[in-house]
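Coordinates from coords-v2.txt are shown below (compact mmCIF, N, CA and C atoms).
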```txt
# COMPACT_ATOMS: atom_id res chain seq x y z
N MET A 784 35.72 4.99 8.18
CA MET A 784 34.39 4.62 7.74
C MET A 784 33.90 5.66 6.73
N ASN A 785 33.21 5.18 5.74
CA ASN A 785 32.62 6.07 4.74
C ASN A 785 31.22 6.46 5.17
N LEU A 786 31.12 7.63 5.81
CA LEU A 786 29.84 8.11 6.30
C LEU A 786 29.14 8.92 5.21
N THR A 787 27.82 8.87 5.23
CA THR A 787 27.02 9.71 4.36
C THR A 787 26.55 10.90 5.19
N HIS A 788 26.76 12.11 4.68
CA HIS A 788 26.41 13.32 5.41
C HIS A 788 25.08 13.87 4.92
N MET A 789 24.24 14.25 5.86
CA MET A 789 22.97 14.88 5.55
C MET A 789 23.00 16.30 6.11
N ASN A 790 22.69 17.27 5.28
CA ASN A 790 22.71 18.67 5.70
C ASN A 790 21.48 19.01 6.51
N GLY A 791 21.62 20.00 7.36
CA GLY A 791 20.53 20.50 8.19
C GLY A 791 21.12 21.42 9.23
N GLU A 792 20.33 21.70 10.26
CA GLU A 792 20.78 22.56 11.34
C GLU A 792 21.78 21.80 12.21
N ASN A 793 22.89 22.45 12.52
CA ASN A 793 23.93 21.82 13.32
C ASN A 793 23.49 21.76 14.78
N LYS A 794 23.27 20.54 15.28
CA LYS A 794 22.90 20.32 16.68
C LYS A 794 23.99 19.53 17.38
N GLY A 795 25.20 19.61 16.85
CA GLY A 795 26.31 18.85 17.39
C GLY A 795 26.61 17.66 16.51
N SER A 796 27.42 16.77 17.01
CA SER A 796 27.81 15.57 16.26
C SER A 796 26.72 14.51 16.41
N ILE A 797 26.11 14.13 15.29
CA ILE A 797 25.06 13.12 15.30
C ILE A 797 25.44 12.03 14.31
N LEU A 798 25.52 10.80 14.81
CA LEU A 798 25.92 9.66 13.98
C LEU A 798 24.90 8.54 14.15
N LEU A 799 24.41 8.04 13.03
CA LEU A 799 23.44 6.95 13.03
C LEU A 799 24.08 5.70 12.42
N PHE A 800 24.12 4.64 13.21
CA PHE A 800 24.52 3.33 12.71
C PHE A 800 23.23 2.61 12.34
N ALA A 801 23.11 2.18 11.08
CA ALA A 801 21.85 1.64 10.60
C ALA A 801 22.09 0.47 9.65
N LEU A 802 20.99 -0.17 9.29
CA LEU A 802 20.98 -1.20 8.25
C LEU A 802 20.09 -0.70 7.12
N SER A 803 20.49 -0.95 5.90
CA SER A 803 19.73 -0.45 4.75
C SER A 803 18.34 -1.09 4.64
N THR A 804 18.15 -2.26 5.25
CA THR A 804 16.89 -2.99 5.15
C THR A 804 16.02 -2.87 6.40
N CYS A 805 16.43 -2.05 7.35
CA CYS A 805 15.76 -1.96 8.66
C CYS A 805 14.70 -0.85 8.65
N GLY A 806 13.47 -1.24 8.91
CA GLY A 806 12.38 -0.27 8.95
C GLY A 806 12.52 0.74 10.08
N TRP A 807 13.01 0.29 11.25
CA TRP A 807 13.20 1.20 12.38
C TRP A 807 14.32 2.20 12.09
N CYS A 808 15.34 1.74 11.39
CA CYS A 808 16.44 2.63 11.00
C CYS A 808 15.91 3.72 10.06
N LYS A 809 15.04 3.34 9.14
CA LYS A 809 14.44 4.31 8.21
C LYS A 809 13.61 5.33 8.99
N LYS A 810 12.90 4.87 10.01
CA LYS A 810 12.09 5.79 10.81
C LYS A 810 12.98 6.81 11.53
N VAL A 811 14.13 6.36 12.04
CA VAL A 811 15.04 7.30 12.70
C VAL A 811 15.56 8.31 11.68
N LYS A 812 15.98 7.84 10.51
CA LYS A 812 16.46 8.76 9.46
C LYS A 812 15.37 9.75 9.07
N ASP A 813 14.15 9.25 8.88
CA ASP A 813 13.04 10.13 8.50
C ASP A 813 12.80 11.19 9.58
N LEU A 814 12.89 10.79 10.86
CA LEU A 814 12.69 11.74 11.95
C LEU A 814 13.79 12.79 11.96
N LEU A 815 15.03 12.38 11.78
CA LEU A 815 16.13 13.34 11.73
C LEU A 815 15.94 14.32 10.58
N ASP A 816 15.48 13.80 9.43
CA ASP A 816 15.20 14.68 8.29
C ASP A 816 14.06 15.64 8.60
N GLU A 817 13.02 15.13 9.25
CA GLU A 817 11.86 15.95 9.62
C GLU A 817 12.29 17.06 10.59
N LEU A 818 13.21 16.74 11.50
CA LEU A 818 13.71 17.73 12.46
C LEU A 818 14.73 18.67 11.83
N ASN A 819 15.11 18.40 10.59
CA ASN A 819 16.05 19.21 9.83
C ASN A 819 17.38 19.39 10.57
N VAL A 820 17.92 18.27 11.07
CA VAL A 820 19.22 18.33 11.74
C VAL A 820 20.30 17.74 10.84
N GLU A 821 21.48 18.23 11.01
CA GLU A 821 22.65 17.73 10.30
C GLU A 821 23.12 16.44 10.98
N TYR A 822 23.38 15.41 10.18
CA TYR A 822 23.85 14.15 10.77
C TYR A 822 24.61 13.35 9.73
N ASP A 823 25.31 12.34 10.23
CA ASP A 823 26.01 11.38 9.39
C ASP A 823 25.43 10.01 9.68
N TYR A 824 25.45 9.16 8.68
CA TYR A 824 24.99 7.79 8.90
C TYR A 824 25.81 6.82 8.07
N ILE A 825 25.73 5.56 8.49
CA ILE A 825 26.39 4.49 7.76
C ILE A 825 25.52 3.25 7.84
N TYR A 826 25.37 2.58 6.71
CA TYR A 826 24.64 1.32 6.67
C TYR A 826 25.64 0.19 6.88
N ALA A 827 25.56 -0.45 8.02
CA ALA A 827 26.52 -1.50 8.38
C ALA A 827 26.51 -2.66 7.38
N ASP A 828 25.31 -2.99 6.88
CA ASP A 828 25.20 -4.14 5.98
C ASP A 828 25.80 -3.88 4.60
N LEU A 829 26.11 -2.62 4.30
CA LEU A 829 26.71 -2.30 3.00
C LEU A 829 28.22 -2.10 3.11
N THR A 830 28.78 -2.37 4.28
CA THR A 830 30.22 -2.28 4.46
C THR A 830 30.85 -3.66 4.31
N GLN A 831 32.14 -3.66 4.08
CA GLN A 831 32.85 -4.93 3.92
C GLN A 831 34.23 -4.84 4.58
N ASP A 832 34.75 -5.99 4.90
CA ASP A 832 36.14 -6.18 5.33
C ASP A 832 36.57 -5.18 6.41
N GLU A 833 37.62 -4.41 6.11
CA GLU A 833 38.21 -3.51 7.09
C GLU A 833 37.23 -2.44 7.55
N GLU A 834 36.42 -1.93 6.62
CA GLU A 834 35.46 -0.89 7.00
C GLU A 834 34.42 -1.46 7.97
N ARG A 835 33.99 -2.69 7.75
CA ARG A 835 33.02 -3.31 8.65
C ARG A 835 33.64 -3.51 10.03
N GLN A 836 34.89 -3.95 10.08
CA GLN A 836 35.57 -4.14 11.37
C GLN A 836 35.69 -2.81 12.11
N GLU A 837 36.05 -1.76 11.38
CA GLU A 837 36.17 -0.42 11.97
C GLU A 837 34.80 0.02 12.51
N LEU A 838 33.75 -0.20 11.75
CA LEU A 838 32.40 0.16 12.15
C LEU A 838 32.01 -0.57 13.43
N LEU A 839 32.27 -1.87 13.50
CA LEU A 839 31.90 -2.66 14.68
C LEU A 839 32.65 -2.21 15.92
N VAL A 840 33.93 -1.88 15.78
CA VAL A 840 34.71 -1.38 16.91
C VAL A 840 34.10 -0.08 17.41
N GLU A 841 33.77 0.81 16.49
CA GLU A 841 33.19 2.11 16.87
C GLU A 841 31.80 1.92 17.49
N LEU A 842 30.97 1.08 16.89
CA LEU A 842 29.62 0.85 17.39
C LEU A 842 29.63 0.26 18.79
N LYS A 843 30.56 -0.65 19.07
CA LYS A 843 30.63 -1.28 20.39
C LYS A 843 30.96 -0.29 21.51
N LYS A 844 31.54 0.84 21.16
CA LYS A 844 31.81 1.88 22.16
C LYS A 844 30.50 2.42 22.73
N TYR A 845 29.44 2.37 21.93
CA TYR A 845 28.16 2.96 22.31
C TYR A 845 27.06 1.94 22.55
N ASN A 846 27.19 0.77 21.93
CA ASN A 846 26.16 -0.26 22.01
C ASN A 846 26.83 -1.63 21.93
N ASN A 847 27.07 -2.21 23.08
CA ASN A 847 27.79 -3.49 23.14
C ASN A 847 27.09 -4.61 22.38
N LYS A 848 25.78 -4.52 22.24
CA LYS A 848 25.02 -5.56 21.54
C LYS A 848 25.06 -5.38 20.02
N THR A 849 25.63 -4.27 19.58
CA THR A 849 25.72 -3.93 18.15
C THR A 849 24.38 -4.12 17.43
N SER A 850 23.32 -3.58 18.01
CA SER A 850 22.00 -3.64 17.39
C SER A 850 21.70 -2.34 16.66
N PHE A 851 20.70 -2.37 15.83
CA PHE A 851 20.36 -1.22 14.98
C PHE A 851 18.89 -0.87 15.12
N PRO A 852 18.59 0.41 15.01
CA PRO A 852 19.47 1.56 14.85
C PRO A 852 20.13 1.96 16.17
N THR A 853 21.32 2.52 16.05
CA THR A 853 22.01 3.13 17.19
C THR A 853 22.34 4.56 16.79
N LEU A 854 21.81 5.50 17.56
CA LEU A 854 22.02 6.92 17.30
C LEU A 854 22.92 7.47 18.39
N VAL A 855 24.01 8.12 17.98
CA VAL A 855 24.98 8.67 18.93
C VAL A 855 24.99 10.19 18.77
N ILE A 856 24.74 10.87 19.88
CA ILE A 856 24.67 12.34 19.86
C ILE A 856 25.81 12.88 20.70
N ASN A 857 26.66 13.67 20.07
CA ASN A 857 27.82 14.30 20.71
C ASN A 857 28.71 13.30 21.45
N LYS A 858 28.74 12.09 20.97
CA LYS A 858 29.60 11.02 21.50
C LYS A 858 29.35 10.72 22.98
N ASP A 859 28.26 11.24 23.56
CA ASP A 859 28.00 10.93 24.97
C ASP A 859 26.56 10.49 25.25
N LYS A 860 25.66 10.65 24.30
CA LYS A 860 24.28 10.17 24.45
C LYS A 860 24.03 9.13 23.37
N THR A 861 23.48 8.00 23.77
CA THR A 861 23.19 6.93 22.82
C THR A 861 21.73 6.53 22.94
N ILE A 862 21.07 6.46 21.79
CA ILE A 862 19.68 5.99 21.74
C ILE A 862 19.68 4.75 20.87
N ILE A 863 19.25 3.64 21.46
CA ILE A 863 19.20 2.38 20.75
C ILE A 863 17.75 2.08 20.41
N GLY A 864 17.48 1.83 19.14
CA GLY A 864 16.11 1.59 18.71
C GLY A 864 15.45 2.89 18.29
N TYR A 865 14.14 2.81 18.08
CA TYR A 865 13.37 3.98 17.65
C TYR A 865 12.65 4.56 18.84
N SER A 866 13.13 5.71 19.32
CA SER A 866 12.54 6.41 20.47
C SER A 866 12.33 7.87 20.08
N PRO A 867 11.26 8.14 19.32
CA PRO A 867 11.08 9.50 18.78
C PRO A 867 11.03 10.58 19.84
N ASP A 868 10.36 10.33 20.97
CA ASP A 868 10.27 11.36 22.00
C ASP A 868 11.64 11.70 22.58
N GLU A 869 12.45 10.68 22.82
CA GLU A 869 13.79 10.90 23.36
C GLU A 869 14.67 11.64 22.35
N ILE A 870 14.56 11.25 21.08
CA ILE A 870 15.34 11.91 20.03
C ILE A 870 14.95 13.39 19.94
N LYS A 871 13.65 13.66 19.92
CA LYS A 871 13.18 15.05 19.84
C LYS A 871 13.65 15.86 21.05
N GLU A 872 13.58 15.25 22.24
CA GLU A 872 14.00 15.96 23.45
C GLU A 872 15.48 16.32 23.40
N LEU A 873 16.33 15.37 22.98
CA LEU A 873 17.77 15.61 22.94
C LEU A 873 18.18 16.59 21.85
N LEU A 874 17.37 16.69 20.79
CA LEU A 874 17.75 17.54 19.67
C LEU A 874 16.97 18.87 19.61
N SER A 875 16.14 19.12 20.62
CA SER A 875 15.36 20.37 20.60
C SER A 875 16.16 21.52 21.14
```
Conversion result in structure tokens:
Amino acid sequence: MNLTHMNGENKGSILLFALSTCGWCKKVKDLLDELNVEYDYIYADLTQDEERQELLVELKKYNNKTSFPTLVINKDKTIIGYSPDEIKELLS
């Protein structure tokens, strides 16, 4: 998958599965930027063919419904949707 990397403070592995047109996804990205954490993200709707299949396989490991946004922290915590308090708590 072609992930986009955002620089910031390293709080572990943070991966955001998002849609480029999703307002809630933008809110999660904005919050991560506000918290100044390092993370990677991918816009599912901008992927095609093999990359999209790879993305869906990876996303289903954390969110069987494949809904957006899905935030994965250290490959063991998953936040589905926009939950600012939970995100802040896990990244503080």
Checklist outcome for this item: Judged by only C-alpha atoms, the minimum distance to Tyr822 (chain A) among A:Thr804, A:Asn846, A:Ser796, A:Gln836 is found for A:Ser796
Item to check | Point-to-point distance in Å for atom N of Leu829 (chain A) and atom N of Asn790 (chain A) | outcome: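 Going from atom N of Asn790 (chain A) over to atom N of Leu829 (chain A) covers 20.2 Å.
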Next on the checklist: Please compute the CA of Trp807 (chain A)-CA of Val855 (chain A) distance, one decimal, in Å.
Outcome noted: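 Computing the Euclidean distance for CA of Trp807 (chain A) and CA of Val855 (chain A) yields 15.4 Å.
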Next on the checklist: Report as a PyMOL selection string all protein, DNA and RNA residues lying within 8 Å of Phe800 (chain A), evaluated on only C-alpha atoms, omitting residues in the same chain fewer than 6 positions from it.
Outcome noted: chain A and resi 824-827+842+851-854
Checklist outcome for this item: Of A:Glu792, A:Asp868, A:Met784, A:Lys858, the one nearest to Val820 (chain A) when counting only N, CA and C atoms is A:Glu792
Next on the checklist: From (26.7, 12.5, 12.5), in the file's coordinates, out to 8 Å: which residues are reached, counting all atoms listed in the file? Answer as a list in words.
Outcome noted: Thr787, His788, Met789, Gly795, Ser796, Ile797, Leu798, Leu799, Glu821, Tyr822, Asp823, Tyr824, Val855, Ile856 and Asn857 of chain A
Next on the checklist: With distances taken over only C-alpha atoms, which residue among A:Asp832, A:Gly864, A:Leu818, A:Asn785 lies nearest Lys848 (chain A)?
Outcome noted: A:Gly864
Atoms added to region 800-817 of chain A (N, CA, C and O atoms), reported as an mmCIF file, in the coordinates of the input:
```cif
data_model
loop_
_atom_site.group_PDB
_atom_site.id
_atom_site.type_symbol
_atom_site.label_atom_id
_atom_site.label_comp_id
_atom_site.auth_asym_id
_atom_site.auth_seq_id
_atom_site.Cartn_x
_atom_site.Cartn_y
_atom_site.Cartn_z
ATOM 1 N N PHE A 800 24.120 4.640 13.210
ATOM 2 C CA PHE A 800 24.520 3.330 12.710
ATOM 3 C C PHE A 800 23.230 2.610 12.340
ATOM 4 O O PHE A 800 22.337 2.457 13.192
ATOM 5 N N ALA A 801 23.110 2.180 11.080
ATOM 6 C CA ALA A 801 21.850 1.640 10.600
ATOM 7 C C ALA A 801 22.090 0.470 9.650
ATOM 8 O O ALA A 801 23.218 0.183 9.260
ATOM 9 N N LEU A 802 20.990 -0.170 9.290
ATOM 10 C CA LEU A 802 20.980 -1.200 8.250
ATOM 11 C C LEU A 802 20.090 -0.700 7.120
ATOM 12 O O LEU A 802 19.028 -0.115 7.386
ATOM 13 N N SER A 803 20.490 -0.950 5.900
ATOM 14 C CA SER A 803 19.730 -0.450 4.750
ATOM 15 C C SER A 803 18.340 -1.090 4.640
ATOM 16 O O SER A 803 17.452 -0.531 4.012
ATOM 17 N N THR A 804 18.150 -2.260 5.250
ATOM 18 C CA THR A 804 16.890 -2.990 5.150
ATOM 19 C C THR A 804 16.020 -2.870 6.400
ATOM 20 O O THR A 804 14.973 -3.515 6.481
ATOM 21 N N CYS A 805 16.430 -2.050 7.350
ATOM 22 C CA CYS A 805 15.760 -1.960 8.660
ATOM 23 C C CYS A 805 14.700 -0.850 8.650
ATOM 24 O O CYS A 805 15.016 0.316 8.442
ATOM 25 N N GLY A 806 13.470 -1.240 8.910
ATOM 26 C CA GLY A 806 12.380 -0.270 8.950
ATOM 27 C C GLY A 806 12.520 0.740 10.080
ATOM 28 O O GLY A 806 12.198 1.921 9.922
ATOM 29 N N TRP A 807 13.010 0.290 11.250
ATOM 30 C CA TRP A 807 13.200 1.200 12.380
ATOM 31 C C TRP A 807 14.320 2.200 12.090
ATOM 32 O O TRP A 807 14.242 3.365 12.489
ATOM 33 N N CYS A 808 15.340 1.740 11.390
ATOM 34 C CA CYS A 808 16.440 2.630 11.000
ATOM 35 C C CYS A 808 15.910 3.720 10.060
ATOM 36 O O CYS A 808 16.266 4.893 10.196
ATOM 37 N N LYS A 809 15.040 3.340 9.140
ATOM 38 C CA LYS A 809 14.440 4.310 8.210
ATOM 39 C C LYS A 809 13.610 5.330 8.990
ATOM 40 O O LYS A 809 13.640 6.525 8.678
ATOM 41 N N LYS A 810 12.900 4.870 10.010
ATOM 42 C CA LYS A 810 12.090 5.790 10.810
ATOM 43 C C LYS A 810 12.980 6.810 11.530
ATOM 44 O O LYS A 810 12.623 7.986 11.619
ATOM 45 N N VAL A 811 14.130 6.360 12.040
ATOM 46 C CA VAL A 811 15.040 7.300 12.700
ATOM 47 C C VAL A 811 15.560 8.310 11.680
ATOM 48 O O VAL A 811 15.580 9.515 11.948
ATOM 49 N N LYS A 812 15.980 7.840 10.510
ATOM 50 C CA LYS A 812 16.460 8.760 9.460
ATOM 51 C C LYS A 812 15.370 9.750 9.070
ATOM 52 O O LYS A 812 15.634 10.946 8.928
ATOM 53 N N ASP A 813 14.150 9.250 8.880
ATOM 54 C CA ASP A 813 13.040 10.130 8.500
ATOM 55 C C ASP A 813 12.800 11.190 9.580
ATOM 56 O O ASP A 813 12.537 12.354 9.265
ATOM 57 N N LEU A 814 12.890 10.790 10.860
ATOM 58 C CA LEU A 814 12.690 11.740 11.950
ATOM 59 C C LEU A 814 13.790 12.790 11.960
ATOM 60 O O LEU A 814 13.517 13.985 12.119
ATOM 61 N N LEU A 815 15.030 12.380 11.780
ATOM 62 C CA LEU A 815 16.130 13.340 11.730
ATOM 63 C C LEU A 815 15.940 14.320 10.580
ATOM 64 O O LEU A 815 16.178 15.521 10.718
ATOM 65 N N ASP A 816 15.480 13.800 9.430
ATOM 66 C CA ASP A 816 15.200 14.680 8.290
ATOM 67 C C ASP A 816 14.060 15.640 8.600
ATOM 68 O O ASP A 816 14.130 16.833 8.273
ATOM 69 N N GLU A 817 13.020 15.130 9.250
ATOM 70 C CA GLU A 817 11.860 15.950 9.620
ATOM 71 C C GLU A 817 12.290 17.060 10.590
ATOM 72 O O GLU A 817 11.795 18.193 10.500
#
```
